[in-house]
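Visitor: Sending over query-v5.csv (CSV, C-alpha atoms and all ligand atoms).
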```csv
chain,number,residue,atom,x,y,z
A,1,MET,CA,125.1,88.0,80.0
A,2,SER,CA,122.7,89.4,82.4
A,3,GLN,CA,122.9,93.2,83.0
A,4,MET,CA,122.6,92.5,86.7
A,5,ILE,CA,125.0,89.8,87.5
A,6,SER,CA,128.7,89.6,86.5
A,7,THR,CA,130.4,86.3,85.7
A,8,ASN,CA,132.2,86.5,89.0
A,9,THR,CA,129.0,87.1,91.0
A,10,LEU,CA,127.4,84.3,89.1
A,11,ARG,CA,130.2,82.0,90.1
A,12,THR,CA,129.9,82.9,93.8
A,13,PHE,CA,126.2,82.1,93.6
A,14,ASN,CA,127.2,78.5,93.4
A,15,ASN,CA,128.5,78.7,97.0
A,16,PHE,CA,124.9,79.1,98.2
A,17,GLU,CA,122.1,76.7,98.5
A,18,THR,CA,119.2,77.9,96.4
A,19,PRO,CA,116.7,79.5,96.5
A,20,PHE,CA,117.9,82.7,98.1
A,21,PHE,CA,117.1,86.4,98.0
A,22,TYR,CA,120.0,88.3,96.4
A,23,TYR,CA,120.1,92.0,97.4
A,24,ASP,CA,122.0,94.5,95.3
A,25,MET,CA,123.0,96.9,97.9
A,26,LYS,CA,124.2,99.5,95.4
A,27,VAL,CA,120.7,99.6,93.9
A,28,LEU,CA,119.2,99.9,97.3
A,29,SER,CA,121.5,102.7,98.5
A,30,ASP,CA,121.0,104.6,95.2
A,31,THR,CA,117.2,104.3,95.5
A,32,VAL,CA,117.3,105.5,99.1
A,33,ALA,CA,119.5,108.4,98.0
A,34,ALA,CA,117.1,109.4,95.2
A,35,LEU,CA,114.2,109.4,97.7
A,36,ALA,CA,116.2,111.4,100.2
A,37,THR,CA,117.0,114.0,97.5
A,38,ALA,CA,113.4,114.3,96.5
A,39,GLN,CA,112.1,114.7,100.0
A,40,GLN,CA,114.6,117.4,100.6
A,41,LYS,CA,113.9,119.2,97.4
A,42,TYR,CA,110.1,119.3,97.9
A,43,HIS,CA,110.1,119.5,101.7
A,44,ILE,CA,108.2,116.3,102.0
A,45,LYS,CA,109.0,113.7,104.8
A,46,ALA,CA,109.1,110.1,103.6
A,47,HIS,CA,108.4,107.2,105.9
A,48,TYR,CA,109.4,103.8,104.7
A,49,ALA,CA,106.7,101.1,105.1
A,50,LEU,CA,108.5,98.3,106.9
A,51,LYS,CA,106.0,95.7,105.7
A,52,ALA,CA,107.5,95.7,102.2
A,53,ASN,CA,110.8,94.3,103.4
A,54,ALA,CA,112.0,93.9,107.0
A,55,GLU,CA,115.5,92.5,106.6
A,56,LYS,CA,117.7,94.3,109.2
A,57,ARG,CA,120.4,95.3,106.7
A,58,VAL,CA,117.8,96.7,104.4
A,59,LEU,CA,116.2,98.7,107.2
A,60,LYS,CA,119.6,100.0,108.5
A,61,THR,CA,120.4,101.2,105.0
A,62,ILE,CA,117.1,103.1,104.8
A,63,SER,CA,117.3,104.6,108.3
A,64,LYS,CA,120.9,105.7,107.7
A,65,GLY,CA,119.7,107.3,104.4
A,66,GLY,CA,117.6,109.7,106.4
A,67,ILE,CA,114.2,108.1,105.8
A,68,ALA,CA,111.6,107.8,108.6
A,69,ALA,CA,109.4,104.7,109.3
A,70,GLU,CA,105.9,103.6,108.9
A,71,CYS,CA,104.9,100.5,110.9
A,72,ALA,CA,101.9,98.2,110.7
A,73,THR,CA,102.4,96.2,113.9
A,74,GLY,CA,104.1,96.4,117.3
A,75,ASN,CA,106.8,94.1,116.2
A,76,GLU,CA,107.6,96.3,113.3
A,77,ILE,CA,107.9,99.2,115.7
A,78,LYS,CA,110.3,97.1,117.8
A,79,LEU,CA,112.3,96.3,114.7
A,80,ALA,CA,112.3,99.9,113.5
A,81,LEU,CA,113.7,101.0,116.9
A,82,GLU,CA,116.4,98.3,116.7
A,83,THR,CA,117.5,99.3,113.2
A,84,GLY,CA,118.1,103.0,113.8
A,85,PHE,CA,114.7,104.7,113.3
A,86,ALA,CA,114.0,107.3,116.0
A,87,PRO,CA,110.7,107.1,117.9
A,88,LYS,CA,109.9,110.7,116.6
A,89,ASP,CA,110.1,109.3,113.1
A,90,ILE,CA,107.8,106.4,113.5
A,91,PHE,CA,104.1,106.3,112.4
A,92,PHE,CA,101.9,103.4,113.4
A,93,ASP,CA,99.2,102.3,110.9
A,94,GLY,CA,97.0,99.3,110.7
A,95,VAL,CA,93.3,98.3,110.9
A,96,ALA,CA,93.6,96.1,113.9
A,97,LYS,CA,96.0,97.5,116.4
A,98,THR,CA,95.8,95.3,119.5
A,99,ASP,CA,95.8,96.6,123.1
A,100,LYS,CA,99.3,95.3,123.6
A,101,GLU,CA,100.5,97.1,120.5
A,102,ILE,CA,98.9,100.3,121.4
A,103,LEU,CA,100.4,100.3,124.9
A,104,PHE,CA,103.8,99.4,123.4
A,105,ALA,CA,103.6,102.3,120.9
A,106,LEU,CA,102.6,104.7,123.6
A,107,LYS,CA,105.4,103.7,125.9
A,108,SER,CA,107.8,104.0,123.0
A,109,ASP,CA,106.7,107.6,122.4
A,110,ILE,CA,106.2,107.1,118.6
A,111,ALA,CA,105.4,110.2,116.5
A,112,CYS,CA,101.8,109.4,115.5
A,113,PHE,CA,99.1,106.7,115.4
A,114,ASN,CA,97.3,106.8,112.1
A,115,CYS,CA,93.8,105.8,113.2
A,116,GLU,CA,91.5,103.8,111.0
A,117,ASN,CA,88.3,103.8,113.0
A,118,ILE,CA,86.4,105.6,115.7
A,119,GLN,CA,86.5,102.8,118.3
A,120,GLU,CA,90.3,102.7,117.9
A,121,ILE,CA,90.5,106.4,118.6
A,122,GLU,CA,88.5,105.9,121.8
A,123,ILE,CA,90.8,103.1,123.0
A,124,ILE,CA,94.0,105.0,122.3
A,125,ASN,CA,92.6,107.9,124.2
A,126,GLU,CA,91.7,105.7,127.1
A,127,PHE,CA,95.1,103.9,127.2
A,128,ALA,CA,97.0,107.3,126.9
A,129,GLY,CA,95.0,108.5,129.9
A,130,ARG,CA,96.0,105.4,131.9
A,131,LEU,CA,99.7,106.0,131.1
A,132,GLY,CA,99.4,109.8,131.8
A,133,LYS,CA,100.4,110.5,128.2
A,134,LYS,CA,99.1,112.4,125.3
A,135,ALA,CA,98.8,110.3,122.2
A,136,HIS,CA,99.4,112.0,118.8
A,137,ILE,CA,96.9,110.8,116.3
A,138,ALA,CA,96.1,111.3,112.6
A,139,VAL,CA,92.8,110.2,111.1
A,140,ARG,CA,93.0,107.9,108.2
A,141,VAL,CA,90.4,109.0,105.8
A,142,ASN,CA,88.9,106.9,103.2
A,143,PRO,CA,88.8,109.4,100.3
A,144,ASP,CA,86.9,107.2,97.9
A,145,VAL,CA,89.6,107.6,95.2
A,146,ASP,CA,90.3,104.7,92.7
A,147,ALA,CA,94.0,103.9,92.6
A,148,HIS,CA,93.6,102.1,89.2
A,149,THR,CA,95.5,99.1,90.4
A,150,HIS,CA,94.7,95.5,91.1
A,151,LYS,CA,91.6,95.2,93.2
A,152,PHE,CA,93.4,93.3,96.0
A,153,ILE,CA,95.7,96.2,96.5
A,154,THR,CA,93.1,99.0,96.2
A,155,THR,CA,92.5,100.5,99.6
A,156,GLY,CA,90.9,103.9,99.3
A,157,MET,CA,87.4,103.1,97.9
A,158,GLU,CA,84.3,103.6,100.0
A,159,GLU,CA,83.7,99.8,100.3
A,160,ASP,CA,87.2,99.0,101.5
A,161,LYS,CA,87.8,98.1,105.2
A,162,PHE,CA,90.4,100.9,105.5
A,163,GLY,CA,90.0,104.4,106.9
A,164,ILE,CA,87.0,106.5,108.1
A,165,SER,CA,84.6,107.5,105.4
A,166,GLN,CA,83.0,110.9,105.0
A,167,TRP,CA,79.6,109.9,106.2
A,168,ALA,CA,81.1,109.1,109.6
A,169,PHE,CA,82.9,112.5,110.0
A,170,ASP,CA,80.3,114.2,112.1
A,171,ASN,CA,80.4,111.4,114.6
A,172,LEU,CA,84.2,111.4,114.5
A,173,ILE,CA,84.3,115.0,115.5
A,174,LYS,CA,81.9,114.4,118.4
A,175,VAL,CA,84.2,111.6,119.6
A,176,LEU,CA,87.4,113.7,119.1
A,177,ASP,CA,85.8,116.5,121.1
A,178,THR,CA,85.5,114.2,124.1
A,179,CYS,CA,89.1,112.7,123.9
A,180,GLY,CA,91.3,114.8,126.3
A,181,ASN,CA,94.3,112.6,126.0
A,182,LEU,CA,94.8,113.0,122.2
A,183,VAL,CA,96.7,115.5,120.1
A,184,PHE,CA,95.1,115.8,116.6
A,185,GLU,CA,98.0,115.8,114.2
A,186,GLY,CA,96.2,115.7,110.9
A,187,LEU,CA,94.9,113.5,108.1
A,188,HIS,CA,96.2,110.3,106.6
A,189,PHE,CA,95.4,108.7,103.3
A,190,HIS,CA,96.7,105.6,101.6
A,191,ILE,CA,94.7,104.6,98.5
A,192,GLY,CA,96.5,101.5,97.2
A,193,SER,CA,99.7,100.1,95.9
A,194,GLN,CA,101.6,99.8,92.6
A,195,ILE,CA,100.2,103.0,91.3
A,196,THR,CA,102.0,103.9,88.1
A,197,ASP,CA,99.7,106.8,87.0
A,198,LEU,CA,100.8,109.9,88.9
A,199,SER,CA,97.5,111.6,88.0
A,200,VAL,CA,95.9,109.4,90.7
A,201,PHE,CA,97.9,111.5,93.2
A,202,GLU,CA,96.6,114.7,91.6
A,203,THR,CA,93.0,113.5,92.2
A,204,LEU,CA,94.0,112.5,95.8
A,205,CYS,CA,95.4,115.9,96.4
A,206,ARG,CA,92.2,117.6,95.4
A,207,ARG,CA,90.3,115.3,97.8
A,208,VAL,CA,92.8,116.1,100.6
A,209,ILE,CA,92.2,119.8,100.2
A,210,GLU,CA,88.4,119.4,100.4
A,211,ILE,CA,88.6,117.1,103.4
A,212,GLN,CA,91.2,119.3,105.1
A,213,ASP,CA,88.9,122.3,104.7
A,214,TRP,CA,86.1,120.5,106.3
A,215,PHE,CA,88.2,119.5,109.3
A,216,ASP,CA,89.6,123.1,109.6
A,217,SER,CA,86.0,124.3,109.7
A,218,LYS,CA,85.4,122.1,112.7
A,219,GLY,CA,88.5,123.4,114.5
A,220,TYR,CA,90.7,120.4,113.7
A,221,THR,CA,93.6,121.9,111.7
A,222,SER,CA,96.2,119.5,110.3
A,223,ALA,CA,99.9,120.1,111.2
A,224,ASN,CA,100.6,116.9,109.1
A,225,LEU,CA,99.1,115.7,105.9
A,226,ASN,CA,100.1,112.2,105.0
A,227,LEU,CA,99.4,110.9,101.5
A,228,GLY,CA,100.5,107.3,102.2
A,229,GLY,CA,102.5,105.0,99.9
A,230,GLY,CA,101.6,103.3,96.7
A,231,LEU,CA,104.1,104.5,94.2
A,232,GLY,CA,104.6,101.7,91.6
A,233,VAL,CA,107.7,100.3,90.1
A,234,ASP,CA,108.5,99.0,86.5
A,235,TYR,CA,108.1,95.2,86.8
A,236,ASP,CA,108.6,94.9,83.1
A,237,HIS,CA,112.0,96.6,82.9
A,238,PRO,CA,113.6,95.9,86.3
A,239,LEU,CA,117.2,96.1,85.1
A,240,THR,CA,117.0,99.2,82.9
A,241,ASN,CA,114.3,101.3,84.6
A,242,TRP,CA,114.9,100.4,88.3
A,243,LEU,CA,114.7,103.9,89.8
A,244,PRO,CA,111.1,104.8,90.7
A,245,ASP,CA,109.9,108.3,89.9
A,246,PHE,CA,110.2,109.8,93.4
A,247,ASP,CA,110.9,113.2,92.0
A,248,GLY,CA,107.7,113.0,89.9
A,249,LEU,CA,105.7,111.9,92.8
A,250,CYS,CA,106.9,114.6,95.1
A,251,HIS,CA,106.6,117.2,92.3
A,252,THR,CA,103.0,116.2,91.7
A,253,ILE,CA,102.2,116.5,95.4
A,254,SER,CA,103.8,119.8,95.9
A,255,GLU,CA,102.2,121.2,92.7
A,256,ASN,CA,98.7,120.1,93.7
A,257,LEU,CA,98.7,120.4,97.5
A,258,PRO,CA,99.5,123.9,98.7
A,259,ILE,CA,100.9,123.8,102.2
A,260,LYS,CA,100.0,126.1,105.0
A,261,SER,CA,102.6,127.6,107.3
A,262,GLY,CA,104.1,125.1,109.7
A,263,GLN,CA,102.5,122.2,107.9
A,264,GLN,CA,104.4,119.1,106.9
A,265,ILE,CA,103.5,116.7,104.1
A,266,HIS,CA,104.4,113.0,104.5
A,267,ILE,CA,104.5,110.1,102.2
A,268,GLU,CA,104.9,106.4,103.0
A,269,PRO,CA,106.6,104.5,100.2
A,270,GLY,CA,107.2,100.8,100.7
A,271,ARG,CA,107.4,98.9,97.5
A,272,SER,CA,109.1,101.6,95.5
A,273,LEU,CA,112.1,101.8,97.8
A,274,VAL,CA,112.9,98.1,97.9
A,275,ALA,CA,111.4,96.2,95.0
A,276,GLN,CA,114.2,96.5,92.5
A,277,CYS,CA,117.2,95.7,94.7
A,278,GLY,CA,115.9,92.2,95.4
A,279,HIS,CA,116.1,89.1,93.2
A,280,ILE,CA,115.3,85.5,93.9
A,281,ILE,CA,118.1,83.2,92.7
A,282,SER,CA,116.7,79.7,92.1
A,283,ARG,CA,117.8,76.6,90.3
A,284,VAL,CA,116.1,74.5,87.7
A,285,VAL,CA,115.3,71.1,89.4
A,286,PHE,CA,113.8,69.4,86.3
A,287,ILE,CA,112.8,70.1,82.8
A,288,LYS,CA,109.4,68.7,81.8
A,289,GLU,CA,108.9,68.4,78.0
A,290,GLY,CA,105.1,68.2,77.4
A,291,GLN,CA,103.5,67.6,74.1
A,292,LYS,CA,102.4,71.3,73.8
A,293,LYS,CA,104.4,73.0,76.5
A,294,LYS,CA,107.8,72.9,78.0
A,295,PHE,CA,108.3,73.6,81.7
A,296,ALA,CA,111.4,74.7,83.7
A,297,ILE,CA,110.6,73.6,87.3
A,298,LEU,CA,112.4,75.8,89.9
A,299,ASP,CA,113.3,75.0,93.4
A,300,CYS,CA,111.5,78.1,94.6
A,301,GLY,CA,107.7,78.6,94.5
A,302,MET,CA,104.8,80.6,95.8
A,303,HIS,CA,106.1,80.0,99.3
A,304,THR,CA,109.1,82.1,98.3
A,305,LEU,CA,107.3,84.7,96.2
A,306,ILE,CA,103.5,84.7,96.6
A,307,ARG,CA,102.8,87.7,94.4
A,308,PRO,CA,102.2,85.9,91.1
A,309,ALA,CA,99.8,83.4,92.7
A,310,LEU,CA,98.1,86.0,94.9
A,311,TYR,CA,97.8,89.0,92.6
A,312,GLN,CA,98.6,87.6,89.2
A,313,ALA,CA,101.7,89.8,89.5
A,314,HIS,CA,104.3,89.8,86.7
A,315,HIS,CA,108.0,89.4,87.5
A,316,GLU,CA,110.7,89.3,84.9
A,317,VAL,CA,112.4,85.9,84.9
A,318,GLU,CA,115.9,85.3,83.5
A,319,ASN,CA,118.0,82.3,82.8
A,320,LEU,CA,121.4,83.4,84.2
A,321,SER,CA,123.2,80.2,83.1
A,322,CYS,CA,122.3,80.0,79.4
A,323,VAL,CA,121.7,83.1,77.4
A,324,ASN,CA,122.9,82.3,73.9
A,325,GLU,CA,120.6,79.5,72.9
A,326,GLN,CA,116.9,80.7,72.9
A,327,ASP,CA,113.8,78.7,73.7
A,328,THR,CA,110.1,79.2,74.6
A,329,TYR,CA,108.8,77.7,77.9
A,330,ASN,CA,106.9,78.1,81.1
A,331,VAL,CA,108.7,78.7,84.4
A,332,VAL,CA,106.9,77.2,87.3
A,333,GLY,CA,107.5,76.8,91.0
A,334,CYS,CA,107.8,73.7,93.1
A,335,VAL,CA,104.5,73.8,94.9
A,336,CYS,CA,101.6,71.6,93.9
A,337,GLU,CA,99.3,74.4,92.7
A,338,SER,CA,98.8,75.5,89.1
A,339,SER,CA,98.8,79.1,90.2
A,340,ASP,CA,102.4,78.6,91.2
A,341,THR,CA,103.7,79.9,87.9
A,342,PHE,CA,106.3,82.6,87.3
A,343,ALA,CA,106.2,82.9,83.5
A,344,GLU,CA,104.1,81.5,80.7
A,345,ASN,CA,105.4,81.1,77.1
A,346,MET,CA,108.5,83.0,78.1
A,347,LYS,CA,111.2,83.5,75.4
A,348,GLY,CA,114.6,83.2,77.0
A,349,GLY,CA,117.8,81.3,77.4
A,350,LYS,CA,117.2,77.6,76.9
A,351,PRO,CA,116.7,75.9,80.3
A,352,HIS,CA,118.6,72.9,81.5
A,353,ARG,CA,118.5,71.0,84.8
A,354,GLY,CA,120.8,72.9,87.2
A,355,ASP,CA,120.6,76.3,85.5
A,356,LEU,CA,120.4,79.3,87.8
A,357,PHE,CA,117.4,81.6,87.2
A,358,ALA,CA,116.7,85.0,88.6
A,359,ILE,CA,113.2,86.3,89.4
A,360,HIS,CA,113.6,90.1,89.4
A,361,SER,CA,111.9,92.9,91.4
A,362,ALA,CA,111.5,90.5,94.4
A,363,GLY,CA,112.7,93.0,97.1
A,364,ALA,CA,109.2,94.1,98.0
A,365,TYR,CA,106.5,91.8,99.4
A,366,GLY,CA,108.8,88.9,98.7
A,367,GLN,CA,111.0,87.7,101.6
A,368,VAL,CA,108.6,89.2,104.2
A,369,MET,CA,105.8,86.9,102.9
A,370,ASN,CA,107.9,83.8,102.9
A,371,MET,CA,106.4,80.7,104.5
A,372,THR,CA,107.4,77.2,105.3
A,373,TYR,CA,104.6,75.5,103.4
A,374,LEU,CA,105.5,71.8,102.7
A,375,GLN,CA,108.0,72.1,105.5
A,376,ARG,CA,110.4,73.9,103.1
A,377,ASN,CA,113.2,76.1,104.5
A,378,LEU,CA,112.8,79.9,104.4
A,379,ALA,CA,115.0,81.4,101.6
A,380,PRO,CA,117.8,83.4,103.2
A,381,ALA,CA,119.2,86.8,102.2
A,382,VAL,CA,122.5,87.2,100.4
A,383,TYR,CA,123.9,90.7,100.1
A,384,SER,CA,125.9,91.8,97.1
A,385,ASP,CA,128.6,93.5,99.3
A,386,GLU,CA,129.1,90.4,101.4
A,387,ILE,CA,130.0,87.8,98.7
B,1,LIG,C1,101.3,99.2,102.7
B,1,LIG,C2,101.2,100.6,103.1
B,1,LIG,C3,102.1,101.5,102.7
B,1,LIG,C4,103.2,101.2,101.6
B,1,LIG,O1,102.6,100.9,100.4
B,1,LIG,P1,103.5,100.6,99.1
B,1,LIG,O2,102.5,100.4,98.0
B,1,LIG,O3,104.3,99.5,99.3
B,1,LIG,O4,104.2,101.9,98.8
B,1,LIG,C5,102.1,102.8,103.1
B,1,LIG,N1,101.1,103.2,104.0
B,1,LIG,C6,100.2,102.3,104.5
B,1,LIG,C7,99.2,102.7,105.4
B,1,LIG,C8,100.2,101.0,104.1
B,1,LIG,O5,99.3,100.1,104.5
```
Reformat the file's structure so that it appears as structure tokens.
Guide:
Amino acid sequence: MSQMISTNTLRTFNNFETPFFYYDMKVLSDTVAALATAQQKYHIKAHYALKANAEKRVLKTISKGGIAAECATGNEIKLALETGFAPKDIFFDGVAKTDKEILFALKSDIACFNCENIQEIEIINEFAGRLGKKAHIAVRVNPDVDAHTHKFITTGMEEDKFGISQWAFDNLIKVLDTCGNLVFEGLHFHIGSQITDLSVFETLCRRVIEIQDWFDSKGYTSANLNLGGGLGVDYDHPLTNWLPDFDGLCHTISENLPIKSGQQIHIEPGRSLVAQCGHIISRVVFIKEGQKKKFAILDCGMHTLIRPALYQAHHEVENLSCVNEQDTYNVVGCVCESSDTFAENMKGGKPHRGDLFAIHSAGAYGQVMNMTYLQRNLAPAVYSDEI
């Protein structure tokens, strides 16, 4: 018997067409509560990165839990406002904010633009002037710190497209000096995702202090220091170790980054808040018995969860229908690509046509990245408290 799903729940799964995203709302609310506790204990303000999961019920649970928002697009800002986040709690990040998005964000009176390049700062200044407003901005600095994670999700190295690097700081100050419609709020960092080694944040804090001192010396003091997201989750033990170490993260930051009076530290967790509450529930369409390998072919695929194909990400896979008889097999998706594989040589319950499988830790960067490739339907959300 799965630790996640009771016999009753499993029975109700038969009422739904597969594949679907199953959200355990107790896991979500407990995860949100743990983050809320940590942010209070360490006086850190957490902003949930909507890009990890943008289902309205998920967002409402997070906003009700007292977490602020981090948005990457104008539409995410719109959604955040619709789901209970206050404008004063919304940060706007992104390397390619369009004119329309900047204007919308200014009109919505969001808390802060996290700016990624000098041209962007000039444009926000110009648009704010046009609207007769002051835009609050933070500068996203590229701190050249290695997050020790997959190269596709490393974002804080000198050669990444993100943030402003140290060599450009002098020019940045010159530009800031001429921007009369901006309020400088501070510095922003985000060095990567799925970071499981907290010492990476220690290194980041040391860089933040150095960079802050430099900006202070130029007369740009930081009311806000934002260390971004990136806290990792345990993809290997999604059912037993589902609570991310928010306390450890906040503790590491508060130990290594002394705050000045009136200063506020921010973090922007995305994945860590939502990964473990979500599971894909899918059915075995066919079994293929090869000469060397056996395949369980699911009715979901890389169009449902792209992380394995895109980042070689590992997700635990479980046969919910058969647990007693064991077998070794590959679990593959239904798309005609060999990278569409969820598990190789997995030891688990013997698969049969029609068995229900769970792919765990699918709450983050899962449903938001769904696509209709091959004209398949988008997998809907099913919530544990609604079945
Ligand atoms: C993606 C992103 C986040 C969230 O990252 P996670 O790894 O999901 O915690 C936070 N801040 C910025 C700027 C981002 O781009």
Visitor: All residues within 6 Å of ligand LIG 1 (chain B) are required, counting all atoms listed in the file; please report them as a VMD selection string.
Guide: chain A and resid 49 52 93 190 193 to 194 228 to 231 268 to 272
Visitor: Those residues with C-alpha atoms, as a compact mmCIF listing (two decimals), in the frame of the given file please?
Guide:
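selection_2.txt written:
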```txt
# COMPACT_ATOMS: atom_id res chain seq x y z
CA ALA A 49 106.70 101.10 105.10
CA ALA A 52 107.50 95.70 102.20
CA ASP A 93 99.20 102.30 110.90
CA HIS A 190 96.70 105.60 101.60
CA SER A 193 99.70 100.10 95.90
CA GLN A 194 101.60 99.80 92.60
CA GLY A 228 100.50 107.30 102.20
CA GLY A 229 102.50 105.00 99.90
CA GLY A 230 101.60 103.30 96.70
CA LEU A 231 104.10 104.50 94.20
CA GLU A 268 104.90 106.40 103.00
CA PRO A 269 106.60 104.50 100.20
CA GLY A 270 107.20 100.80 100.70
CA ARG A 271 107.40 98.90 97.50
CA SER A 272 109.10 101.60 95.50
```
Visitor: Could you check which of A:Ala128, A:Thr196, A:Thr37, A:Tyr23 is closest to Pro380 (chain A), using only C-alpha atoms?
Guide: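 Residue with the minimum atom-to-atom distance to Pro380 (chain A): A:Tyr23.
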Visitor: Do you know which residues are at most 8 Å from region 174-189 of chain A counting all atoms listed in the file, after dropping those on the same chain fewer than 3 positions away, and could you put them as an mmCIF file with C-alpha atoms, in the frame of the given file?
Guide:
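So part-v3.cif came out as:
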```
data_model
loop_
_atom_site.group_PDB
_atom_site.id
_atom_site.type_symbol
_atom_site.label_atom_id
_atom_site.label_comp_id
_atom_site.auth_asym_id
_atom_site.auth_seq_id
_atom_site.Cartn_x
_atom_site.Cartn_y
_atom_site.Cartn_z
ATOM 1 C CA CYS A 112 101.800 109.400 115.500
ATOM 2 C CA ASN A 114 97.300 106.800 112.100
ATOM 3 C CA ILE A 118 86.400 105.600 115.700
ATOM 4 C CA ILE A 121 90.500 106.400 118.600
ATOM 5 C CA GLU A 122 88.500 105.900 121.800
ATOM 6 C CA ASN A 125 92.600 107.900 124.200
ATOM 7 C CA GLU A 126 91.700 105.700 127.100
ATOM 8 C CA ALA A 128 97.000 107.300 126.900
ATOM 9 C CA GLY A 129 95.000 108.500 129.900
ATOM 10 C CA LYS A 133 100.400 110.500 128.200
ATOM 11 C CA LYS A 134 99.100 112.400 125.300
ATOM 12 C CA ALA A 135 98.800 110.300 122.200
ATOM 13 C CA HIS A 136 99.400 112.000 118.800
ATOM 14 C CA ILE A 137 96.900 110.800 116.300
ATOM 15 C CA ALA A 138 96.100 111.300 112.600
ATOM 16 C CA VAL A 139 92.800 110.200 111.100
ATOM 17 C CA ARG A 140 93.000 107.900 108.200
ATOM 18 C CA VAL A 141 90.400 109.000 105.800
ATOM 19 C CA ASN A 142 88.900 106.900 103.200
ATOM 20 C CA PRO A 143 88.800 109.400 100.300
ATOM 21 C CA GLY A 156 90.900 103.900 99.300
ATOM 22 C CA GLY A 163 90.000 104.400 106.900
ATOM 23 C CA ASP A 170 80.300 114.200 112.100
ATOM 24 C CA ASN A 171 80.400 111.400 114.600
ATOM 25 C CA GLN A 212 91.200 119.300 105.100
ATOM 26 C CA TYR A 220 90.700 120.400 113.700
ATOM 27 C CA THR A 221 93.600 121.900 111.700
ATOM 28 C CA SER A 222 96.200 119.500 110.300
ATOM 29 C CA ALA A 223 99.900 120.100 111.200
ATOM 30 C CA ASN A 224 100.600 116.900 109.100
ATOM 31 C CA LEU A 225 99.100 115.700 105.900
ATOM 32 C CA ASN A 226 100.100 112.200 105.000
ATOM 33 C CA LEU A 227 99.400 110.900 101.500
ATOM 34 C CA GLY A 228 100.500 107.300 102.200
#
```
Visitor: Please compute the CA of His352 (chain A)-CA of Glu316 (chain A) distance, one decimal, in Å.
Guide: 18.5 Å
Visitor: Taking all atoms listed in the file into account, which of A:Thr98, A:Thr83, A:Thr341, A:Thr61 comes nearest Glu120 (chain A)?
Guide: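 Comparing A:Thr98, A:Thr83, A:Thr341, A:Thr61 against Glu120 (chain A), the winner is A:Thr98.
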Visitor: Please list as a PyMOL selection string every residue within 10 Å of Ile209 (chain A), counting all atoms listed in the file and excluding residues in the same chain fewer than 6 positions away.
Guide: chain A and resi 215+225+256-259
Visitor: Step by step: start from the point (109.0, 92.2, 101.6) in the file's coordinates, keep every protein, DNA or RNA residue that has an atom no farther than 9 Å from it, count only C-alpha atoms, and write the set as a list in words.
Guide: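 I get Leu50, Lys51, Ala52, Asn53, Ala54, Glu55, Gly270, Arg271, Val274, Ala275, Ala362, Gly363, Ala364, Tyr365, Gly366, Gln367, Val368, Met369 and Asn370 of chain A for the residues within 9 Å of that point.
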Visitor: Report, in Å to a single decimal, how far apart CA of Leu35 (chain A) and CA of Gly66 (chain A) are.
Guide: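 Interatomic distance here is 9.3 Å.
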Visitor: Could you give me, as JSON lines, every region 20-102 of chain A residue with an atom at most 12 Å from region 236-254 of chain A, plus its closest atom pair and distance in Å to one decimal, counting only C-alpha atoms, rows ordered by chain then number?
Guide:
```
{"residue": "A:Asp24", "atom": "CA", "partner": "A:Leu239", "partner_atom": "CA", "distance": 11.4}
{"residue": "A:Lys26", "atom": "CA", "partner": "A:Trp242", "partner_atom": "CA", "distance": 11.7}
{"residue": "A:Val27", "atom": "CA", "partner": "A:Trp242", "partner_atom": "CA", "distance": 8.1}
{"residue": "A:Leu28", "atom": "CA", "partner": "A:Leu243", "partner_atom": "CA", "distance": 9.6}
{"residue": "A:Ser29", "atom": "CA", "partner": "A:Leu243", "partner_atom": "CA", "distance": 11.1}
{"residue": "A:Asp30", "atom": "CA", "partner": "A:Leu243", "partner_atom": "CA", "distance": 8.3}
{"residue": "A:Thr31", "atom": "CA", "partner": "A:Leu243", "partner_atom": "CA", "distance": 6.2}
{"residue": "A:Val32", "atom": "CA", "partner": "A:Leu243", "partner_atom": "CA", "distance": 9.8}
{"residue": "A:Ala33", "atom": "CA", "partner": "A:Phe246", "partner_atom": "CA", "distance": 10.5}
{"residue": "A:Ala34", "atom": "CA", "partner": "A:Phe246", "partner_atom": "CA", "distance": 7.1}
{"residue": "A:Leu35", "atom": "CA", "partner": "A:Phe246", "partner_atom": "CA", "distance": 5.9}
{"residue": "A:Ala36", "atom": "CA", "partner": "A:Phe246", "partner_atom": "CA", "distance": 9.2}
{"residue": "A:Thr37", "atom": "CA", "partner": "A:Asp247", "partner_atom": "CA", "distance": 8.3}
{"residue": "A:Ala38", "atom": "CA", "partner": "A:Asp247", "partner_atom": "CA", "distance": 5.3}
{"residue": "A:Gln39", "atom": "CA", "partner": "A:Cys250", "partner_atom": "CA", "distance": 7.1}
{"residue": "A:Gln40", "atom": "CA", "partner": "A:Cys250", "partner_atom": "CA", "distance": 9.9}
{"residue": "A:Lys41", "atom": "CA", "partner": "A:Asp247", "partner_atom": "CA", "distance": 8.6}
{"residue": "A:Tyr42", "atom": "CA", "partner": "A:Cys250", "partner_atom": "CA", "distance": 6.3}
{"residue": "A:His43", "atom": "CA", "partner": "A:Ser254", "partner_atom": "CA", "distance": 8.6}
{"residue": "A:Ile44", "atom": "CA", "partner": "A:Cys250", "partner_atom": "CA", "distance": 7.2}
{"residue": "A:Lys45", "atom": "CA", "partner": "A:Cys250", "partner_atom": "CA", "distance": 10.0}
{"residue": "A:Ala46", "atom": "CA", "partner": "A:Cys250", "partner_atom": "CA", "distance": 9.9}
```
Visitor: Neighbours of Asn15 (chain A) within 12 Å (only C-alpha atoms; same-chain residues fewer than 5 positions away dropped), as a list in words?
Guide: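 So the residues in contact are Asn8, Thr9, Leu10, Phe20, Val382 and Ile387 of chain A.
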